[in-house]
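input_27.txt (compact mmCIF, C-alpha atoms and all ligand atoms) appears below.
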# COMPACT_ATOMS: atom_id res chain seq x y z
CA MET A 228 113.93 85.16 93.39
CA SER A 229 116.68 83.80 91.10
CA ALA A 230 119.94 82.50 92.61
CA THR A 231 121.87 85.57 91.53
CA ALA A 232 119.64 88.51 92.34
CA ASP A 233 122.64 90.80 92.07
CA VAL A 234 121.06 93.75 90.23
CA CYS A 235 120.10 96.87 92.15
CA VAL A 236 117.63 99.28 90.58
CA VAL A 237 117.80 102.91 91.66
CA ILE A 238 114.56 104.80 90.99
CA PRO A 239 114.88 108.59 91.05
CA ALA A 240 111.38 109.72 92.07
CA ALA A 241 112.15 112.92 93.92
CA GLY A 242 111.30 115.43 91.18
CA LEU A 243 108.49 117.91 91.68
CA GLY A 244 106.97 117.51 88.23
CA GLU A 245 106.85 121.23 87.53
CA ARG A 246 106.09 120.75 83.85
CA LEU A 247 103.19 118.43 84.72
CA GLY A 248 101.95 121.14 87.07
CA LEU A 249 99.87 119.05 89.49
CA ALA A 250 99.63 119.42 93.27
CA GLN A 251 101.75 116.39 94.18
CA PRO A 252 105.24 115.34 93.02
CA LYS A 253 105.09 113.55 89.66
CA ALA A 254 105.96 110.05 90.94
CA PHE A 255 102.90 110.20 93.22
CA VAL A 256 100.48 111.21 90.46
CA GLY A 257 98.08 108.39 89.63
CA ILE A 258 96.90 106.73 86.44
CA ASN A 259 93.82 104.56 87.02
CA ASN A 260 94.48 104.59 90.75
CA TRP A 261 98.12 103.48 90.47
CA SER A 262 100.88 106.04 91.07
CA LEU A 263 103.67 106.32 88.52
CA LEU A 264 105.98 105.12 91.30
CA SER A 265 103.99 101.97 92.02
CA LEU A 266 103.56 101.18 88.29
CA THR A 267 107.32 101.53 87.83
CA ILE A 268 108.08 99.31 90.84
CA LYS A 269 105.65 96.64 89.56
CA ARG A 270 107.47 96.60 86.23
CA VAL A 271 110.91 96.40 87.87
CA LEU A 272 109.80 93.49 90.09
CA GLU A 273 109.16 91.45 86.91
CA ILE A 274 112.91 91.33 86.31
CA GLN A 275 114.34 88.13 87.85
CA ARG A 276 117.83 89.44 88.48
CA VAL A 277 116.68 92.46 90.50
CA GLY A 278 117.31 91.84 94.20
CA HIS A 279 117.46 95.35 95.66
CA LEU A 280 115.62 98.62 95.12
CA ILE A 281 116.72 102.11 96.15
CA ILE A 282 114.09 104.80 95.71
CA ALA A 283 114.73 108.55 96.06
CA VAL A 284 111.65 110.59 96.95
CA PRO A 285 111.05 114.11 98.29
CA ALA A 286 112.07 114.10 101.98
CA ASP A 287 108.50 114.60 103.25
CA PHE A 288 107.13 111.78 101.06
CA LYS A 289 109.15 108.93 102.58
CA ASN A 290 106.20 107.47 104.52
CA GLU A 291 103.81 107.80 101.63
CA ALA A 292 106.38 106.08 99.39
CA LEU A 293 106.39 103.05 101.70
CA ASP A 294 102.65 102.59 101.10
CA HIS A 295 103.16 102.71 97.32
CA ILE A 296 106.04 100.21 97.56
CA ASP A 297 104.02 97.82 99.76
CA ARG A 298 101.09 97.91 97.39
CA ALA A 299 103.29 97.20 94.35
CA MET A 300 105.03 94.32 96.11
CA ARG A 301 101.75 92.76 97.27
CA GLU A 302 100.33 92.99 93.75
CA SER A 303 103.51 91.49 92.26
CA ASN A 304 103.75 88.79 94.89
CA LYS A 305 107.45 89.54 95.22
CA LYS A 306 109.22 91.16 98.14
CA ILE A 307 112.83 92.32 97.91
CA PRO A 308 114.88 94.66 100.13
CA VAL A 309 114.12 98.32 99.48
CA ASP A 310 115.74 101.51 100.73
CA VAL A 311 113.85 104.79 100.57
CA VAL A 312 116.13 107.83 100.62
CA ALA A 313 115.54 111.57 100.49
CA GLY A 314 116.25 113.00 97.06
CA GLY A 315 118.10 116.24 96.34
CA ILE A 316 117.43 119.45 94.44
CA THR A 317 118.63 117.94 91.14
CA ARG A 318 118.21 114.44 89.71
CA THR A 319 121.98 114.04 89.95
CA GLU A 320 121.85 114.72 93.72
CA SER A 321 118.94 112.29 94.12
CA VAL A 322 120.97 109.52 92.45
CA LYS A 323 124.06 110.42 94.47
CA ASN A 324 122.06 110.13 97.73
CA SER A 325 120.65 106.79 96.53
CA LEU A 326 124.09 105.30 95.97
CA LEU A 327 124.86 105.59 99.71
CA ALA A 328 122.37 102.73 100.21
CA LEU A 329 124.15 100.29 97.84
CA ASP A 330 124.73 96.81 99.21
CA GLN A 331 127.82 94.60 98.75
CA LEU A 332 125.64 92.09 96.82
CA ASP A 333 124.81 94.63 94.10
CA SER A 334 127.05 93.85 91.07
CA TYR A 335 125.18 96.06 88.64
CA VAL A 336 123.16 99.20 89.22
CA LEU A 337 120.38 100.18 86.81
CA VAL A 338 119.04 103.71 87.23
CA HIS A 339 115.46 103.99 86.01
CA ASP A 340 113.18 107.06 86.14
CA ALA A 341 109.87 106.72 87.98
CA ALA A 342 108.54 108.84 85.13
CA ARG A 343 108.88 105.91 82.64
CA PRO A 344 106.43 103.34 84.06
CA PHE A 345 105.79 101.43 80.81
CA VAL A 346 109.36 100.38 80.01
CA PRO A 347 109.18 96.82 78.62
CA ALA A 348 110.93 94.13 80.67
CA GLU A 349 113.01 93.26 77.57
CA VAL A 350 114.77 96.60 77.77
CA PHE A 351 115.89 95.84 81.33
CA ASN A 352 117.03 92.39 80.27
CA SER A 353 118.96 93.74 77.24
CA VAL A 354 120.83 96.17 79.50
CA ILE A 355 121.67 93.35 81.95
CA ASN A 356 122.79 91.04 79.09
CA LYS A 357 125.14 93.68 77.76
CA LEU A 358 126.60 94.26 81.24
CA ASP A 359 127.08 90.47 81.48
CA GLN A 360 129.18 90.71 78.30
CA GLY A 361 131.57 93.03 80.16
CA PHE A 362 130.36 96.45 78.98
CA LYS A 363 130.58 98.91 81.89
CA VAL A 364 127.93 101.49 80.96
CA VAL A 365 124.86 100.65 78.86
CA VAL A 366 122.02 102.96 77.82
CA PRO A 367 118.82 102.30 75.82
CA VAL A 368 118.37 104.54 72.77
CA ILE A 369 115.75 105.01 70.07
CA PRO A 370 116.00 106.74 66.68
CA VAL A 371 114.90 110.37 66.53
CA SER A 372 111.98 110.96 64.18
CA ASP A 373 111.96 114.77 64.17
CA THR A 374 114.57 116.83 62.39
CA ILE A 375 116.66 118.50 65.11
CA LYS A 376 118.02 122.02 64.73
CA THR A 377 120.01 124.17 67.12
CA VAL A 378 118.46 127.58 67.79
CA ASN A 379 120.06 130.69 69.34
CA GLU A 380 118.69 132.97 72.07
CA LYS A 381 116.99 135.12 69.39
CA ASP A 382 115.02 132.03 68.30
CA GLU A 383 116.93 131.88 65.01
CA VAL A 384 118.11 128.58 63.59
CA ILE A 385 121.86 128.03 63.79
CA ASN A 386 122.03 124.70 61.95
CA THR A 387 120.50 121.29 61.36
CA LEU A 388 122.05 118.23 62.98
CA ASP A 389 122.63 115.03 61.01
CA ARG A 390 119.68 112.91 62.15
CA SER A 391 121.35 109.63 61.22
CA GLN A 392 123.77 110.21 64.08
CA LEU A 393 121.18 111.27 66.66
CA LYS A 394 119.49 109.03 69.23
CA ALA A 395 117.03 109.76 72.03
CA VAL A 396 118.30 108.30 75.29
CA GLN A 397 116.09 106.52 77.81
CA THR A 398 116.42 104.63 81.09
CA PRO A 399 117.22 102.12 82.62
CA GLN A 400 120.87 103.10 82.33
CA GLY A 401 123.04 100.23 83.52
CA PHE A 402 126.44 100.37 85.23
CA ALA A 403 128.99 98.06 86.69
CA ARG A 404 128.54 99.03 90.32
CA ASP A 405 132.07 100.39 90.93
CA VAL A 406 131.97 102.51 87.77
CA LEU A 407 128.74 104.23 88.88
CA SER A 408 130.03 104.78 92.44
CA GLU A 409 133.21 106.27 91.04
CA ILE A 410 131.60 108.73 88.61
CA TYR A 411 129.28 109.98 91.35
CA ALA A 412 132.10 110.27 93.91
CA THR A 413 133.78 113.22 92.17
CA SER A 414 133.87 116.34 94.33
CA ASN A 415 132.71 118.80 91.64
CA LEU A 416 129.71 116.75 90.50
CA LYS A 417 128.08 118.45 87.53
CA PRO A 418 124.29 118.09 87.31
CA THR A 419 123.49 116.14 84.12
CA THR A 420 120.09 115.07 82.82
CA ASP A 421 121.17 111.43 82.69
CA ASP A 422 123.68 109.24 84.50
CA ALA A 423 125.70 108.18 81.46
CA GLY A 424 126.49 111.89 80.95
CA LEU A 425 128.79 111.66 83.97
CA ALA A 426 130.53 108.61 82.49
CA GLU A 427 131.10 110.57 79.28
CA ILE A 428 132.64 113.45 81.27
CA ALA A 429 134.92 110.91 82.98
CA GLY A 430 135.99 109.53 79.57
CA ILE A 431 134.34 106.12 80.09
CA ASN A 432 132.86 104.36 77.03
CA VAL A 433 129.07 104.23 76.95
CA SER A 434 127.41 101.42 74.95
CA THR A 435 123.87 101.38 73.61
CA ILE A 436 121.07 98.84 73.23
CA ASN A 437 117.66 99.29 71.57
CA GLY A 438 115.18 101.12 73.80
CA SER A 439 111.43 101.20 73.20
CA VAL A 440 108.79 103.77 72.27
CA GLU A 441 106.75 102.31 75.16
CA SER A 442 109.37 103.64 77.52
CA PHE A 443 108.34 107.25 76.91
CA LYS A 444 108.85 109.71 79.75
CA ILE A 445 105.80 111.36 81.29
CA THR A 446 106.70 115.03 81.45
CA THR A 447 103.73 117.16 80.37
CA PRO A 448 99.92 116.97 80.86
CA PHE A 449 99.68 115.63 77.29
CA ASP A 450 102.09 112.80 78.17
CA LEU A 451 99.88 111.89 81.12
CA GLU A 452 96.85 111.74 78.84
CA MET A 453 98.77 109.50 76.44
CA ALA A 454 99.89 107.32 79.33
CA THR A 455 96.29 106.87 80.49
CA SER A 456 95.11 105.84 77.00
CA PHE A 457 98.11 103.55 76.62
CA MET A 458 97.43 101.83 79.94
CA ASN A 459 93.73 101.39 79.16
CA ARG A 460 94.54 99.92 75.75
CA LYS A 461 97.00 97.44 77.31
CA GLN A 462 94.45 96.47 79.97
CA ASN A 463 91.96 95.72 77.25
CA GLY A 464 94.51 93.37 75.73
CA LYS A 465 95.10 95.45 72.59
N1 LIG A 501 114.13 113.41 89.79
C1 LIG A 501 114.65 113.19 91.08
N2 LIG A 501 115.14 114.25 91.79
C2 LIG A 501 115.12 115.50 91.29
C3 LIG A 501 114.62 115.73 89.98
C4 LIG A 501 114.14 114.65 89.25
O1 LIG A 501 114.66 112.07 91.57
N3 LIG A 501 115.58 116.50 92.04
C5 LIG A 501 113.55 112.27 89.07
C6 LIG A 501 112.07 112.49 88.73
O2 LIG A 501 111.26 112.13 89.86
C7 LIG A 501 111.87 111.62 87.51
C8 LIG A 501 113.25 111.59 86.84
O3 LIG A 501 114.17 112.12 87.81
O4 LIG A 501 111.47 110.29 87.84
C9 LIG A 501 113.28 112.40 85.56
O5 LIG A 501 113.09 113.76 85.84
P1 LIG A 501 111.96 114.69 85.22
O6 LIG A 501 111.17 113.94 84.21
O7 LIG A 501 112.59 115.99 84.86
O8 LIG A 501 110.96 114.87 86.47
P2 LIG A 501 110.72 116.15 87.35
O9 LIG A 501 112.03 116.81 87.67
O10 LIG A 501 109.86 115.72 88.48
O11 LIG A 501 109.85 117.07 86.38
P3 LIG A 501 110.06 118.64 86.05
O12 LIG A 501 111.47 118.76 85.49
O13 LIG A 501 108.98 118.96 85.10
O14 LIG A 501 109.91 119.36 87.40
MG MG A 502 113.25 117.64 86.07
Step by step, read the file and then write its structure as structure tokens.
Ligand code: CTP
Ligand code: MG
Amino acid sequence: MSATADVCVVIPAAGLGERLGLAQPKAFVGINNWSLLSLTIKRVLEIQRVGHLIIAVPADFKNEALDHIDRAMRESNKKIPVDVVAGGITRTESVKNSLLALDQLDSYVLVHDAARPFVPAEVFNSVINKLDQGFKVVVPVIPVSDTIKTVNEKDEVINTLDRSQLKAVQTPQGFARDVLSEIYATSNLKPTTDDAGLAEIAGINVSTINGSVESFKITTPFDLEMATSFMNRKQNGK
């Protein structure tokens, strides 16, 4: 572990994976015998500065999660403190519950979805570098390749958005610890699909770094198929 292992990674893994439609929650679905949760933990453990993990899982999966964590840590040959907490109904609630387990040593908190197991280590390090420069909220983004239109409830197009201004947002989303605690402490917490959304509501500047196509989120059965091919290709050194 490096001298300043002051980065905490929060992994929301408490979703049910309804769009994937399998019997177990998505984070516990396996690719080549490794769950998405354990693949994600293995990747996070490659980051030197990470000294603490907080993982939100469905309440009745806490014991099973410990097995997945142990296996990832044994494989990585790195053991760091980990808290497993019960998630909530929404992702926002799962992250809020996770933040109760923050430690005084955690200067930065990076929130990273269990559903993005192939995020390159460089993306984590770019987020940390930008936080080191004093930016308080940092998110990885990639250009959008599709044309994006807004559509009304009658399935008619309203208009076309200017693609040059659009970005797809990924995780890990990085925060100065106090900023994240503060935006989640508000009494009328609005569920958002990402954490930076709460910073925006609070009027806090959000900075961006380059994300990666490899950091795609596994949402649908097709994504899981892609993930399996991607992992096999990587294992074959291609
Ligand atoms: N998540 C969570 N708690 C929730 C909902 C989501 O911790 N109540 C986590 C998921 O486990 C996932 C990440 O947030 O790692 C992104 O959410 P998403 O991809 O939407 O996953 P699910 O909510 O599980 O999938 P679905 O929306 O299809 O049910
Ligand atoms: Mg969801």
Quiz item: So which residues touch range 239-253 of chain A within 8 Å, counting all atoms listed in the file, skipping near sequence neighbours fewer than 2 positions away, as a PyMOL selection string?
Solution: chain A and resi 237+255-256+263-264+282-285+313-315+317-318+321-322+338-342+446-448
Exercise. Starting from the point (129.8, 110.2, 89.5), work out which residues of protein, DNA or RNA have an atom no more than 8 Å away when counting all atoms listed in the file; state them as a ChimeraX atom specification.
Key: /A:323,407-413,416,422,425-426
Write the selection just made, keeping C-alpha atoms, as a PDB file, keeping the file's coordinate frame?
ATOM      1  CA  LYS A 323     124.060 110.420  94.470  1.00  0.00           C
ATOM      2  CA  LEU A 407     128.740 104.230  88.880  1.00  0.00           C
ATOM      3  CA  SER A 408     130.030 104.780  92.440  1.00  0.00           C
ATOM      4  CA  GLU A 409     133.210 106.270  91.040  1.00  0.00           C
ATOM      5  CA  ILE A 410     131.600 108.730  88.610  1.00  0.00           C
ATOM      6  CA  TYR A 411     129.280 109.980  91.350  1.00  0.00           C
ATOM      7  CA  ALA A 412     132.100 110.270  93.910  1.00  0.00           C
ATOM      8  CA  THR A 413     133.780 113.220  92.170  1.00  0.00           C
ATOM      9  CA  LEU A 416     129.710 116.750  90.500  1.00  0.00           C
ATOM     10  CA  ASP A 422     123.680 109.240  84.500  1.00  0.00           C
ATOM     11  CA  LEU A 425     128.790 111.660  83.970  1.00  0.00           C
ATOM     12  CA  ALA A 426     130.530 108.610  82.490  1.00  0.00           C
TER      13      ALA A 426
END
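Computed from the coordinates, the atom C1 of ligand LIG 501 (chain A) to CA of Trp261 in chain A distance equals 19.2 Å.
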Practice problem: Find the residue from A:Ile316, A:Leu337, A:Leu329, A:Val364 that sits nearest to ligand MG 502 (chain A); use only C-alpha atoms and all ligand atoms when measuring. | Solution: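 For ligand MG 502 (chain A), the nearest of the candidates is A:Ile316.
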Quiz item: Quick one: distance from CA of Ala429 in chain A to CA of Lys363 in chain A in Å, one decimal?
Solution: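 Pair CA of Ala429 in chain A / CA of Lys363 in chain A returns 12.8 Å.
In this comparison, which uses only C-alpha atoms and all ligand atoms, the residue of A:Lys306, A:Lys444, A:Lys465, A:Arg460 approaching ligand MG 502 (chain A) most closely is A:Lys444.
Closest approach to ligand LIG 501 (chain A) among A:Gln397, A:Asn352, A:Thr231, A:Asn304 is made by A:Gln397 (distances from all atoms listed in the file).
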Self-check item: For ligand LIG 501 (chain A), the nearest of the candidates A:Met453, A:Ala328, A:Val312, A:Ile385, counting all atoms listed in the file
Solution: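 Ranked by minimum distance to ligand LIG 501 (chain A), first place goes to A:Val312.
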Quiz prompt | Protein, DNA and RNA residues within 9 Å of (126.1, 104.6, 71.7), only C-alpha atoms, as JSON, numbers by chain | solution = {"A": [365, 366, 367, 368, 394, 432, 433, 434, 435, 436]}
Exercise. Enter the distance from CA of Thr319 in chain A to atom N1 of ligand LIG 501 (chain A), in Å, rounded to one decimal.
Key: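 Computed distance, CA of Thr319 in chain A to atom N1 of ligand LIG 501 (chain A), equals 7.9 Å.
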I need range 300-348 of chain A written out with C-alpha atoms, as an mmCIF file, in the first residue's frame; please produce it.
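Heads up, here's the output in out_5.cif:
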data_model
loop_
_atom_site.group_PDB
_atom_site.id
_atom_site.type_symbol
_atom_site.label_atom_id
_atom_site.label_comp_id
_atom_site.auth_asym_id
_atom_site.auth_seq_id
_atom_site.Cartn_x
_atom_site.Cartn_y
_atom_site.Cartn_z
ATOM 1 C CA MET A 300 -8.438 -9.649 -2.466
ATOM 2 C CA ARG A 301 -6.700 -13.040 -2.467
ATOM 3 C CA GLU A 302 -6.342 -12.926 -6.253
ATOM 4 C CA SER A 303 -5.007 -9.343 -6.117
ATOM 5 C CA ASN A 304 -2.698 -10.069 -3.212
ATOM 6 C CA LYS A 305 -3.870 -6.857 -1.577
ATOM 7 C CA LYS A 306 -6.011 -6.498 1.515
ATOM 8 C CA ILE A 307 -7.511 -3.167 2.549
ATOM 9 C CA PRO A 308 -10.307 -2.299 5.004
ATOM 10 C CA VAL A 309 -13.757 -2.896 3.545
ATOM 11 C CA ASP A 310 -17.227 -2.081 4.821
ATOM 12 C CA VAL A 311 -20.249 -3.886 3.416
ATOM 13 C CA VAL A 312 -23.495 -1.972 3.890
ATOM 14 C CA ALA A 313 -27.109 -2.623 2.962
ATOM 15 C CA GLY A 314 -28.168 -0.654 -0.097
ATOM 16 C CA GLY A 315 -31.473 1.179 -0.521
ATOM 17 C CA ILE A 316 -34.332 1.192 -3.005
ATOM 18 C CA THR A 317 -32.556 3.692 -5.282
ATOM 19 C CA ARG A 318 -28.877 4.056 -6.200
ATOM 20 C CA THR A 319 -28.916 7.412 -4.434
ATOM 21 C CA GLU A 320 -30.040 5.733 -1.183
ATOM 22 C CA SER A 321 -27.385 3.033 -1.585
ATOM 23 C CA VAL A 322 -24.659 5.682 -1.864
ATOM 24 C CA LYS A 323 -26.122 7.649 1.044
ATOM 25 C CA ASN A 324 -26.027 4.510 3.252
ATOM 26 C CA SER A 325 -22.436 3.866 2.132
ATOM 27 C CA LEU A 326 -21.255 7.299 3.215
ATOM 28 C CA LEU A 327 -22.083 6.472 6.857
ATOM 29 C CA ALA A 328 -19.069 4.130 6.773
ATOM 30 C CA LEU A 329 -16.555 6.828 5.708
ATOM 31 C CA ASP A 330 -13.350 6.961 7.718
ATOM 32 C CA GLN A 331 -11.430 10.072 8.863
ATOM 33 C CA LEU A 332 -8.491 8.984 6.649
ATOM 34 C CA ASP A 333 -10.568 9.212 3.461
ATOM 35 C CA SER A 334 -9.660 12.515 1.728
ATOM 36 C CA TYR A 335 -11.342 11.695 -1.561
ATOM 37 C CA VAL A 336 -14.297 9.472 -2.320
ATOM 38 C CA LEU A 337 -14.678 7.870 -5.750
ATOM 39 C CA VAL A 338 -18.070 6.312 -6.448
ATOM 40 C CA HIS A 339 -17.826 3.525 -9.011
ATOM 41 C CA ASP A 340 -20.632 1.248 -10.263
ATOM 42 C CA ALA A 341 -20.175 -2.506 -9.850
ATOM 43 C CA ALA A 342 -21.775 -2.664 -13.292
ATOM 44 C CA ARG A 343 -18.609 -1.205 -14.949
ATOM 45 C CA PRO A 344 -15.990 -3.894 -14.236
ATOM 46 C CA PHE A 345 -13.639 -3.079 -17.135
ATOM 47 C CA VAL A 346 -12.873 0.554 -16.280
ATOM 48 C CA PRO A 347 -9.174 1.115 -17.063
ATOM 49 C CA ALA A 348 -6.958 2.011 -14.097
#
